[in-house]
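Input: a single structure, listed below in structure tokens.
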Amino acid sequence: MTLISILIPCFNEEENIRNCHARVAAVLDGLKDVEAEIIFTDNHSTDLTFAILREIAEEDPRVRVFRFSRNVGYQNSVMFAYKAARGDCAIQLDSDLQDPPELIPKMLDLWRQGNQVVYGIRRSLPDGPVVAALRRAFYWFIDRVSPDELPRNAGEFRLTDRVILDQIRRSEDRSPYMRGMISAMGFRQAGFDYDRAARVAGQSKFPFRAMLGLAVDGLVNHSLLPLRLASTVSLLAGLLTFLVLLGYLVGKLLFGQEWPPGFATLVVLLLMSMTLNAMFLGILGEYIGRIFLQTKNINAPIVEAALNAPGPVTPLRMEAAE
């Protein structure tokens with residue numbers, strides 16, 4: 001009998017969570033020779049999400065719920081769910097139902113054909129034209145600059161085999177970018193096209209600022225381009241400074257050129273130098289900050305309450321209140 005784990009991160013989704021469970025359960029009930037567990041990770045919701053999950057867990061023994069003591073961010077919440085998964089494979093989808101649970105049988109078919117990772121490729125997006133264009137531009141850019149093969153237009157809707165889950169359990173990344181981490185592991189991966197639906201109810205928990213932060217995580221975690229860009233621009237600036245100095249000396253010593261005081265030029269060059277220094281120190285700070293998070297083990301989820309999940313399930317730090 002095959003055991004599959006359904007991973008559903010949630011935060012303030014009281015309007016969606018029952019419908020999400022009902023649709024997932026309906027799909028699972030229609031599968032033959034399959035057992036399932038449904039793992040909800042509640043990122044310290046401030047609405048009725050956890051209360052509803054408690055009721056669902058009492059009604060459905062397949063449901064396991066982990067509520068964190070604070071909001072640890074979407075990616076850390078997802079990583080915890082992957083580590084807690086006990087199935088032969090795990091399928092991640094969002095609780096807002098933009099990724100249709102009805103596609104789970106298709107993903108299982110592709111998995112049974114020998115693919116260790118099966119991911120959905122967003123053929124269409126419900127976002128506005130500007131946001132959709134920015135998403136696709138980012139996917140193209142990160143694929144171009146990263147040495148890892150990151151699939152374009154692929155989001156969080158994916159299936160991962162047990163061999164991938166075992167690799168994730170060994171990771172202690174405190175600022176993970178899960179889609180990049182899984183893609184970079186290699187193995188046999190396959191994508192399929194689907195149309196992403198609009199949010200059923202509630203408000204998006206991913207405003208532009210959060211998407212920008214995720215883009216920075218993806219770039220910094222999977223490319224050294226920012227550091228190499230800093231080095232390249234510094235070399236070019238140094239070369240330009242040397243050429244200007246050389247021109248000044250040639251004009252002064254060989255042609256007796258009397259240069260004007262050049263106060264404005266000096267100020268502009270100083271400001272440009274300060275701006276470049278500040279920008280590249282910021283880039284270095286992004287990498288150093290991630291090293292700091294890693295060494296201090298900051299952002300490790302602490303479980304405040306666990307439902308239908310007796311005993312330790314993951315090497316992450318856990319303090320279960322229930």
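Here's how to read the names in the structure tokens: chain A, B, ... by the order shown, residue numbers from 1 in each chain, ligand numbers from 1 in the order shown.
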
(request) Find the residues around Pro61 of chain A up to 12 Å (only C-alpha atoms counted), leave out those fewer than 4 positions away in its own chain, and share them as a count of residues only. (result) 15

Write out as a tab-separated table (two decimals) with N, CA, C and O atoms, in the first residue's frame which residues come within 12 Å of Arg70 of chain A when counting only C-alpha atoms, dropping same-chain ones fewer than 6 positions away.
chain	number	residue	atom	x	y	z
A	11	PHE	N	-1.84	30.16	6.75
A	11	PHE	CA	-1.73	31.30	7.66
A	11	PHE	C	-2.96	32.17	7.46
A	11	PHE	O	-3.18	32.70	6.37
A	41	THR	N	0.51	22.84	8.28
A	41	THR	CA	1.41	23.61	9.14
A	41	THR	C	0.82	25.00	9.29
A	41	THR	O	0.72	25.76	8.32
A	42	ASP	N	0.41	25.32	10.52
A	42	ASP	CA	-0.22	26.61	10.81
A	42	ASP	C	0.86	27.58	11.29
A	42	ASP	O	1.42	27.41	12.36
A	43	ASN	N	1.10	28.60	10.49
A	43	ASN	CA	2.18	29.55	10.77
A	43	ASN	C	1.74	30.61	11.78
A	43	ASN	O	1.82	31.80	11.53
A	44	HIS	N	1.23	30.13	12.92
A	44	HIS	CA	0.76	30.98	14.02
A	44	HIS	C	-0.33	31.95	13.54
A	44	HIS	O	-0.21	33.18	13.68
A	45	SER	N	-1.38	31.38	12.97
A	45	SER	CA	-2.51	32.18	12.50
A	45	SER	C	-3.15	32.93	13.67
A	45	SER	O	-3.20	32.45	14.80
A	46	THR	N	-3.66	34.12	13.37
A	46	THR	CA	-4.31	34.95	14.40
A	46	THR	C	-5.83	34.94	14.27
A	46	THR	O	-6.50	35.63	15.02
A	76	ASN	N	10.14	28.35	5.60
A	76	ASN	CA	10.46	27.51	6.76
A	76	ASN	C	9.29	26.62	7.14
A	76	ASN	O	9.48	25.47	7.57
A	77	SER	N	8.08	27.16	6.99
A	77	SER	CA	6.89	26.36	7.27
A	77	SER	C	6.81	25.17	6.32
A	77	SER	O	6.51	24.04	6.73
A	299	ASN	N	15.13	31.17	13.26
A	299	ASN	CA	13.99	30.84	12.41
A	299	ASN	C	13.63	29.36	12.43
A	299	ASN	O	12.75	28.94	11.67
A	300	ALA	N	14.30	28.55	13.25
A	300	ALA	CA	13.90	27.15	13.36
A	300	ALA	C	12.51	27.09	13.98
A	300	ALA	O	12.30	27.63	15.07
A	301	PRO	N	11.53	26.47	13.32
A	301	PRO	CA	10.18	26.45	13.87
A	301	PRO	C	10.10	25.71	15.20
A	301	PRO	O	10.70	24.66	15.38
A	302	ILE	N	9.37	26.28	16.14
A	302	ILE	CA	9.07	25.63	17.41
A	302	ILE	C	7.58	25.30	17.39
A	302	ILE	O	6.75	26.17	17.16
A	303	VAL	N	7.25	24.04	17.59
A	303	VAL	CA	5.86	23.60	17.53
A	303	VAL	C	5.17	23.92	18.85
A	303	VAL	O	5.56	23.41	19.91
A	304	GLU	N	4.17	24.76	18.78
A	304	GLU	CA	3.40	25.14	19.96
A	304	GLU	C	2.33	24.08	20.27
A	304	GLU	O	2.04	23.81	21.43
A	305	ALA	N	1.75	23.50	19.23
A	305	ALA	CA	0.73	22.47	19.41
A	305	ALA	C	0.77	21.53	18.23
A	305	ALA	O	0.98	21.95	17.09

(request) Please indicate the distance in Å from atom CA of Leu3 of chain A to atom CA of Gly87 of chain A, rounded to one decimal place. (result) 4.7 Å
